[in-house]
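Here the structure is laid out as structure tokens; the discussion comes afterwards.
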Amino acid sequence: MSDAHEHIDKLMQELRRGTITIGALSQLDAPQYGYSLVTILKEKGLQVEPGTLYPLLRRLEKQGFLESKWDTNETRPRKYYLLSDTGKEALGLLLKEWESIVTSMNDLIKGETGEENGDD
Amino acid sequence: MKKMEMIDRYVYAVTKRLPETQRKDVSDELYGLIEDMLDERVQGKNITDNDVEEVLLELGSPRQLAQKYRGTKKYVIGPELYDMYILVLKIALISVVAGTTAVFVIQVILNPMNTLDYFIDYIVSFFTAIIPNVIGWTTLSFAFAEYFSEGKLSGELSKVTLDKEWHPSNLAPIPDPKRRINPSEPIIAIVVSVLLIVFFAASHEYFGIWIYQNGEMAHVISFLNENAYSSILILIILFIGLIIVKESLKLFYGRWTKAMLIYTAMLNVISIGLIIVLVSGENLWNPSFMNELVQYNVVTRGTDAFRTAQIIWEQVTFWTLVILVMGLVSEIIKGLIKVRKQSKN
């Protein structure tokens, strides 16, 4: 049983991984620092661990999708991230892909179990 | 432990696992994050040790967090090399176990009284020398290969899968089954080669005609020239080593290709060169072979038996080399035919 749970957890993680990237990019038209982004995402129902988001932001910056700047004027220095031009382009493509995935998945799922679970 | 010290230690434990260039930045960011998380947790109240602990627990173990920052998994031997690694390890183990067993069997045949001693040596050597050596060296070689090709291998792979120039018309043809090399052939060849190396290096003195006197083995009339043996041995090991390289290539390519044909041809030409060196030195075969036969009363000088033995000895030593050379040449021709067959299709 616990084995099955472990596998299920893994599947969930895999499913979420890509969505976190899209979620983070989608909020970075305006500069955000890591923890403010965690809060924004949480408010909108996307639970992300800081321990996942911070490394992700660094990676996206390294890949050129984000730009960053340290703000040392506040009480504590914070690193603000913002979409780069490449990042904007990437987000556009990701969103398009996302839409098409959602449409096809809905078709698939409703096509198969629509009768029993027609409550949505 | 004080609150700040705990945080310091945590941040240090994460950043020490990261490349030098990222440490300062990640460290600053982590301090900010931990303070933000603490602020949210206590909402203006005093921060307790317990709060710090819980925040750090939420962030996860330093090792895990550092791994997320590093992104790429570190491998001693990555997925690209893994299959090859296991294959080579298997071949190496089979070869060495077969070689050691062969030595053990020879020892027992020659000296049955000491069977128990030999057996104990045989078993012990597995754990003290053979298994650690084989696994150790194989693993080390592959770890080096992995280390120096870091990123490159996976880069190659992703280049293949993401290739934008790809077009269905560029698809490589399915290899002709006639060109395919059954992996058991090179594996057997490698195992036999290793056995031969072990034999020539360790027990060559038994490579000859065994003379028994009073039910005991008294002498071996060696086929090879014992006086020049050390230089012969180097050439023999080189020769067999080249065969192992060649068979490994067959295993690697899995079929006859132009590249493999070229490598094979080169290796075989070098091998033929080695044979020529061996022969031209005229010290490969035991020069006193016939005298020893007489000395140990196998044949008597002047009889027909002596002349027959001499003719056999001269013919066999001559033809052994000729057959070796012909084998090497015919392998090149065989490869040539297989490669040409494919390009016609």
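Naming scheme: A, B, ... for chains in displayed order of the structure tokens; residues 1 onward per chain; ligands 1 onward as shown.
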Contacts of stretch 71-86 of chain A at 10 Å (only C-alpha atoms; same-chain gap of 6+ positions) as a PDB file with C-alpha atoms, in the first residue's frame:
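What ended up in part21.pdb:
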```
ATOM      1  CA  ALA A  24       5.886  31.332 -11.835  1.00  0.00           C
ATOM      2  CA  LEU A  25       6.572  32.828 -15.272  1.00  0.00           C
ATOM      3  CA  SER A  26       2.990  34.025 -15.559  1.00  0.00           C
ATOM      4  CA  GLN A  27       3.376  36.228 -12.475  1.00  0.00           C
ATOM      5  CA  LEU A  28       6.653  37.831 -13.409  1.00  0.00           C
ATOM      6  CA  ASP A  29       5.522  40.672 -15.727  1.00  0.00           C
ATOM      7  CA  ALA A  30       6.170  42.719 -12.632  1.00  0.00           C
ATOM      8  CA  PRO A  31       9.300  42.156 -10.555  1.00  0.00           C
ATOM      9  CA  GLN A  32       8.853  39.806  -7.618  1.00  0.00           C
ATOM     10  CA  TYR A  33      11.245  38.339  -5.112  1.00  0.00           C
ATOM     11  CA  GLY A  34      11.085  34.664  -4.277  1.00  0.00           C
ATOM     12  CA  TYR A  35       8.949  34.749  -1.211  1.00  0.00           C
ATOM     13  CA  SER A  36       6.466  37.286  -2.565  1.00  0.00           C
ATOM     14  CA  LEU A  37       5.984  34.948  -5.501  1.00  0.00           C
ATOM     15  CA  LEU A  57      13.919  30.858 -10.358  1.00  0.00           C
ATOM     16  CA  ARG A  58      17.705  30.648 -10.437  1.00  0.00           C
ATOM     17  CA  LEU A  60      15.148  30.092 -15.263  1.00  0.00           C
ATOM     18  CA  GLU A  61      17.451  33.065 -14.841  1.00  0.00           C
ATOM     19  CA  GLN A  63      18.525  29.856 -18.971  1.00  0.00           C
ATOM     20  CA  GLY A  64      17.841  33.469 -19.857  1.00  0.00           C
ATOM     21  CA  PHE A  65      14.081  33.531 -19.241  1.00  0.00           C
ATOM     22  CA  GLY A  92       3.521  32.795 -24.710  1.00  0.00           C
TER      23      GLY A  92
ATOM     24  CA  ASP B  25      24.228  34.845  -4.099  1.00  0.00           C
ATOM     25  CA  VAL B  26      22.361  31.779  -2.893  1.00  0.00           C
ATOM     26  CA  ASP B  28      22.041  36.035   0.567  1.00  0.00           C
ATOM     27  CA  GLU B  29      18.857  34.789  -0.986  1.00  0.00           C
ATOM     28  CA  LEU B  30      18.408  32.039   1.581  1.00  0.00           C
ATOM     29  CA  TYR B  31      18.902  34.413   4.505  1.00  0.00           C
ATOM     30  CA  GLY B  32      16.242  36.664   3.028  1.00  0.00           C
ATOM     31  CA  LEU B  33      13.911  33.736   2.474  1.00  0.00           C
ATOM     32  CA  GLU B  35      13.684  35.759   7.502  1.00  0.00           C
ATOM     33  CA  ASP B  36      10.597  36.255   5.328  1.00  0.00           C
TER      34      ASP B  36
END
```
Inset, instruction - Find the spatial neighbours of B:Met290, counting only C-alpha atoms, within a cut-off of 12 Å - ignore same-chain residues fewer than 2 positions away - and output them as a ChimeraX atom specification. - result: /B:209,221-223,285-288,292-302,305-314
Counting only C-alpha atoms, a student should be able to say which residues of chain B come within 12 Å of chain A; what is the right answer, written as a short mmCIF file (atom, residue, chain, number, x, y, z; two decimals) with N, CA, C and O atoms, in the first residue's frame?
```cif
data_model
loop_
_atom_site.label_atom_id
_atom_site.label_comp_id
_atom_site.auth_asym_id
_atom_site.auth_seq_id
_atom_site.Cartn_x
_atom_site.Cartn_y
_atom_site.Cartn_z
N VAL B 14 23.94 24.25 3.06
CA VAL B 14 23.43 24.22 1.68
C VAL B 14 24.49 24.72 0.72
O VAL B 14 24.83 24.05 -0.26
N LEU B 18 27.39 23.80 -3.15
CA LEU B 18 27.20 24.46 -4.45
C LEU B 18 28.52 24.96 -4.99
O LEU B 18 29.47 25.14 -4.24
N GLN B 22 28.34 30.45 -7.02
CA GLN B 22 26.94 30.71 -6.69
C GLN B 22 26.74 30.94 -5.19
O GLN B 22 25.66 31.34 -4.76
N ASP B 25 25.56 34.46 -3.65
CA ASP B 25 24.23 34.85 -4.10
C ASP B 25 23.15 34.00 -3.43
O ASP B 25 22.17 34.52 -2.89
N VAL B 26 23.35 32.68 -3.48
CA VAL B 26 22.36 31.78 -2.89
C VAL B 26 22.28 32.01 -1.40
O VAL B 26 21.19 32.01 -0.81
N SER B 27 23.41 32.23 -0.79
CA SER B 27 23.45 32.46 0.64
C SER B 27 22.61 33.69 1.01
O SER B 27 21.75 33.64 1.89
N ASP B 28 22.83 34.82 0.30
CA ASP B 28 22.04 36.03 0.57
C ASP B 28 20.55 35.76 0.39
O ASP B 28 19.72 36.18 1.20
N GLU B 29 20.25 35.05 -0.68
CA GLU B 29 18.86 34.79 -0.99
C GLU B 29 18.20 33.92 0.10
O GLU B 29 17.07 34.16 0.50
N LEU B 30 18.95 32.93 0.56
CA LEU B 30 18.41 32.04 1.58
C LEU B 30 18.16 32.76 2.90
O LEU B 30 17.14 32.56 3.56
N TYR B 31 19.12 33.64 3.28
CA TYR B 31 18.90 34.41 4.51
C TYR B 31 17.62 35.22 4.39
O TYR B 31 16.79 35.24 5.30
N GLY B 32 17.46 35.88 3.24
CA GLY B 32 16.24 36.66 3.03
C GLY B 32 15.01 35.79 3.12
O GLY B 32 14.02 36.14 3.80
N LEU B 33 15.06 34.64 2.48
CA LEU B 33 13.91 33.74 2.47
C LEU B 33 13.56 33.28 3.88
O LEU B 33 12.39 33.33 4.29
N ILE B 34 14.57 32.86 4.63
CA ILE B 34 14.30 32.35 5.98
C ILE B 34 13.70 33.45 6.85
O ILE B 34 12.74 33.23 7.59
N GLU B 35 14.24 34.67 6.71
CA GLU B 35 13.68 35.76 7.50
C GLU B 35 12.24 36.06 7.09
O GLU B 35 11.37 36.27 7.94
N ASP B 36 11.97 36.05 5.79
CA ASP B 36 10.60 36.26 5.33
C ASP B 36 9.66 35.20 5.90
O ASP B 36 8.55 35.50 6.35
N MET B 37 10.13 33.94 5.85
CA MET B 37 9.28 32.86 6.34
C MET B 37 9.03 33.00 7.83
O MET B 37 7.94 32.75 8.32
N LEU B 38 10.08 33.42 8.56
CA LEU B 38 9.92 33.61 10.00
C LEU B 38 8.94 34.74 10.28
O LEU B 38 8.04 34.60 11.13
N ASP B 39 9.10 35.84 9.56
CA ASP B 39 8.20 36.98 9.75
C ASP B 39 6.75 36.56 9.57
O ASP B 39 5.88 36.90 10.37
N GLU B 40 6.52 35.80 8.50
CA GLU B 40 5.14 35.42 8.23
C GLU B 40 4.60 34.52 9.35
O GLU B 40 3.45 34.60 9.73
N VAL B 55 10.73 26.35 10.39
CA VAL B 55 10.98 26.93 9.07
C VAL B 55 12.04 26.12 8.32
O VAL B 55 11.90 25.80 7.14
N LEU B 56 13.10 25.76 9.04
CA LEU B 56 14.17 25.01 8.38
C LEU B 56 13.68 23.63 7.95
O LEU B 56 14.03 23.13 6.88
N LEU B 57 12.84 23.03 8.80
CA LEU B 57 12.28 21.72 8.44
C LEU B 57 11.44 21.84 7.17
O LEU B 57 11.46 20.97 6.31
N GLU B 58 10.72 22.95 7.09
CA GLU B 58 9.88 23.15 5.91
C GLU B 58 10.74 23.27 4.64
O GLU B 58 10.36 22.80 3.56
N LEU B 59 11.90 23.88 4.79
CA LEU B 59 12.79 24.03 3.64
C LEU B 59 13.41 22.69 3.23
O LEU B 59 13.86 22.53 2.10
N GLY B 60 13.46 21.77 4.15
CA GLY B 60 14.01 20.45 3.82
C GLY B 60 15.49 20.35 4.14
O GLY B 60 16.13 21.34 4.48
N SER B 61 16.00 19.16 4.00
CA SER B 61 17.40 18.94 4.39
C SER B 61 18.32 19.72 3.47
O SER B 61 18.04 19.91 2.29
N PRO B 62 19.42 20.23 4.01
CA PRO B 62 20.37 21.02 3.21
C PRO B 62 20.81 20.27 1.97
O PRO B 62 20.95 20.87 0.89
N ARG B 63 21.00 18.96 2.11
CA ARG B 63 21.45 18.19 0.97
C ARG B 63 20.43 18.24 -0.17
O ARG B 63 20.77 18.49 -1.32
N GLN B 64 19.15 18.05 0.20
CA GLN B 64 18.10 18.06 -0.82
C GLN B 64 17.99 19.43 -1.48
O GLN B 64 17.88 19.54 -2.70
N LEU B 65 18.05 20.46 -0.63
CA LEU B 65 17.90 21.80 -1.18
C LEU B 65 19.06 22.11 -2.12
O LEU B 65 18.87 22.65 -3.22
N ALA B 66 20.27 21.72 -1.69
CA ALA B 66 21.44 21.97 -2.54
C ALA B 66 21.29 21.23 -3.86
O ALA B 66 21.63 21.75 -4.92
N GLN B 67 20.74 20.03 -3.78
CA GLN B 67 20.57 19.25 -5.01
C GLN B 67 19.61 19.96 -5.96
O GLN B 67 19.82 20.00 -7.16
N LYS B 68 18.55 20.55 -5.38
CA LYS B 68 17.62 21.28 -6.24
C LYS B 68 18.30 22.48 -6.87
O LYS B 68 18.04 22.82 -8.02
N TYR B 69 19.17 23.13 -6.11
CA TYR B 69 19.89 24.27 -6.69
C TYR B 69 20.82 23.84 -7.79
O TYR B 69 20.99 24.50 -8.80
N ARG B 70 21.46 22.71 -7.58
CA ARG B 70 22.39 22.22 -8.60
C ARG B 70 21.66 21.79 -9.85
O ARG B 70 22.19 21.84 -10.95
N GLY B 71 20.43 21.32 -9.65
CA GLY B 71 19.63 20.93 -10.81
C GLY B 71 20.02 19.56 -11.33
O GLY B 71 19.38 18.58 -11.04
N THR B 72 21.14 19.51 -12.06
CA THR B 72 21.52 18.23 -12.65
C THR B 72 21.94 17.25 -11.57
O THR B 72 22.60 17.62 -10.61
#
```
Inset, instruction - Find the residue from B:Lys3, B:Trp210, B:Tyr263, B:Val198 that sits nearest to B:Ile332; use only C-alpha atoms when measuring. - result: B:Tyr263
Inset, instruction - Check stretch 9-80 of chain A with DSSP on the backbone and list each residue it calls alpha helix (DSSP H), as a count of residues only. - result: 41
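From atom CA of B:Val269 back to atom CA of B:Lys341, the distance works out to 23.0 Å.
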Legend entry - Residue contacts of B:Ala202 (10 Å, only C-alpha atoms) excluding same-chain residues fewer than 5 positions away, as a PyMOL selection string: chain B and resi 103+196-197
Inset, instruction - Using only C-alpha atoms, determine which residues lie at most 12 Å from B:Ala201, disregarding the query and same-chain residues fewer than 3 positions distant; provide the list as number ranges by chain. - result: B: 99, 103, 194-198, 204-207, 229-238, 240
Legend entry - Nearby residues (only C-alpha atoms) at most 12 Å from stretch 97-104 of chain A, same-chain spacing under 6 positions excluded, as a list of chain:residue names: A:Gly18, A:Thr19, A:Thr21, A:Ile22, A:Gly23, A:Ala90, A:Leu91, A:Lys110, A:Gly111
Include C-alpha atoms and write out the residues we just selected as a PDB file, in the first residue's frame.
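The result, stored in result.pdb:
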```pdb
ATOM      1  CA  GLY A  18       5.797  21.797 -15.370  1.00  0.00           C
ATOM      2  CA  THR A  19       2.827  23.739 -14.104  1.00  0.00           C
ATOM      3  CA  THR A  21       7.210  26.823 -14.150  1.00  0.00           C
ATOM      4  CA  ILE A  22       4.266  28.232 -16.077  1.00  0.00           C
ATOM      5  CA  GLY A  23       2.708  29.557 -12.883  1.00  0.00           C
ATOM      6  CA  ALA A  90       8.648  31.309 -23.851  1.00  0.00           C
ATOM      7  CA  LEU A  91       5.648  32.080 -21.652  1.00  0.00           C
ATOM      8  CA  LYS A 110     -14.949  13.528 -20.308  1.00  0.00           C
ATOM      9  CA  GLY A 111     -15.084  11.232 -23.286  1.00  0.00           C
TER      10      GLY A 111
END
```
Legend entry - Members of stretch 100-306 of chain B assigned strand (DSSP E or B) by DSSP, as a ChimeraX atom specification: /B:180,208-213,216-222,224,255,285
Written selection (N, CA and C atoms) as a PDB file, in the first residue's frame:
```pdb
ATOM      1  N   ARG B 180      24.946  -7.780 -39.227  1.00  0.00           N
ATOM      2  CA  ARG B 180      24.900  -7.697 -37.774  1.00  0.00           C
ATOM      3  C   ARG B 180      25.891  -8.688 -37.166  1.00  0.00           C
ATOM      4  N   GLY B 208      53.953 -26.981 -23.864  1.00  0.00           N
ATOM      5  CA  GLY B 208      54.951 -27.796 -24.550  1.00  0.00           C
ATOM      6  C   GLY B 208      54.588 -29.269 -24.425  1.00  0.00           C
ATOM      7  N   ILE B 209      55.580 -30.085 -24.600  1.00  0.00           N
ATOM      8  CA  ILE B 209      55.337 -31.527 -24.489  1.00  0.00           C
ATOM      9  C   ILE B 209      55.714 -31.980 -23.083  1.00  0.00           C
ATOM     10  N   TRP B 210      54.761 -32.632 -22.413  1.00  0.00           N
ATOM     11  CA  TRP B 210      54.967 -33.018 -21.022  1.00  0.00           C
ATOM     12  C   TRP B 210      55.657 -34.370 -20.968  1.00  0.00           C
ATOM     13  N   ILE B 211      56.764 -34.425 -20.274  1.00  0.00           N
ATOM     14  CA  ILE B 211      57.504 -35.674 -20.140  1.00  0.00           C
ATOM     15  C   ILE B 211      57.225 -36.270 -18.760  1.00  0.00           C
ATOM     16  N   TYR B 212      56.708 -37.462 -18.748  1.00  0.00           N
ATOM     17  CA  TYR B 212      56.435 -38.133 -17.468  1.00  0.00           C
ATOM     18  C   TYR B 212      57.518 -39.172 -17.218  1.00  0.00           C
ATOM     19  N   GLN B 213      58.004 -39.184 -16.020  1.00  0.00           N
ATOM     20  CA  GLN B 213      58.947 -40.242 -15.624  1.00  0.00           C
ATOM     21  C   GLN B 213      58.483 -40.800 -14.291  1.00  0.00           C
ATOM     22  N   GLU B 216      55.409 -39.354 -12.679  1.00  0.00           N
ATOM     23  CA  GLU B 216      55.377 -37.948 -12.313  1.00  0.00           C
ATOM     24  C   GLU B 216      55.838 -37.099 -13.493  1.00  0.00           C
ATOM     25  N   MET B 217      55.388 -35.874 -13.534  1.00  0.00           N
ATOM     26  CA  MET B 217      55.844 -35.040 -14.610  1.00  0.00           C
ATOM     27  C   MET B 217      57.253 -34.551 -14.285  1.00  0.00           C
ATOM     28  N   ALA B 218      58.184 -34.852 -15.177  1.00  0.00           N
ATOM     29  CA  ALA B 218      59.568 -34.526 -14.883  1.00  0.00           C
ATOM     30  C   ALA B 218      60.019 -33.260 -15.600  1.00  0.00           C
ATOM     31  N   HIS B 219      59.453 -33.027 -16.773  1.00  0.00           N
ATOM     32  CA  HIS B 219      59.966 -31.910 -17.564  1.00  0.00           C
ATOM     33  C   HIS B 219      58.937 -31.529 -18.628  1.00  0.00           C
ATOM     34  N   VAL B 220      58.989 -30.289 -19.020  1.00  0.00           N
ATOM     35  CA  VAL B 220      58.183 -29.871 -20.152  1.00  0.00           C
ATOM     36  C   VAL B 220      59.130 -29.363 -21.228  1.00  0.00           C
ATOM     37  N   ILE B 221      59.017 -29.959 -22.402  1.00  0.00           N
ATOM     38  CA  ILE B 221      59.804 -29.444 -23.523  1.00  0.00           C
ATOM     39  C   ILE B 221      59.000 -28.303 -24.127  1.00  0.00           C
ATOM     40  N   SER B 222      59.461 -27.104 -23.872  1.00  0.00           N
ATOM     41  CA  SER B 222      58.669 -25.939 -24.246  1.00  0.00           C
ATOM     42  C   SER B 222      58.621 -25.766 -25.763  1.00  0.00           C
ATOM     43  N   LEU B 224      57.986 -22.764 -26.893  1.00  0.00           N
ATOM     44  CA  LEU B 224      58.499 -21.411 -27.096  1.00  0.00           C
ATOM     45  C   LEU B 224      59.912 -21.283 -26.561  1.00  0.00           C
ATOM     46  N   ARG B 255      27.684  -4.110 -35.694  1.00  0.00           N
ATOM     47  CA  ARG B 255      27.526  -4.528 -37.085  1.00  0.00           C
ATOM     48  C   ARG B 255      28.739  -4.000 -37.857  1.00  0.00           C
ATOM     49  N   TRP B 285      60.279 -19.668 -31.373  1.00  0.00           N
ATOM     50  CA  TRP B 285      60.171 -21.090 -31.031  1.00  0.00           C
ATOM     51  C   TRP B 285      61.434 -21.578 -30.329  1.00  0.00           C
TER      52      TRP B 285
END
```
Legend entry - Residue contacts of B:Ile275 (12 Å, only C-alpha atoms) excluding same-chain residues fewer than 4 positions away, as a PyMOL selection string: chain B and resi 232+235-236+238-240+268-271+279-284+318+320-326+328
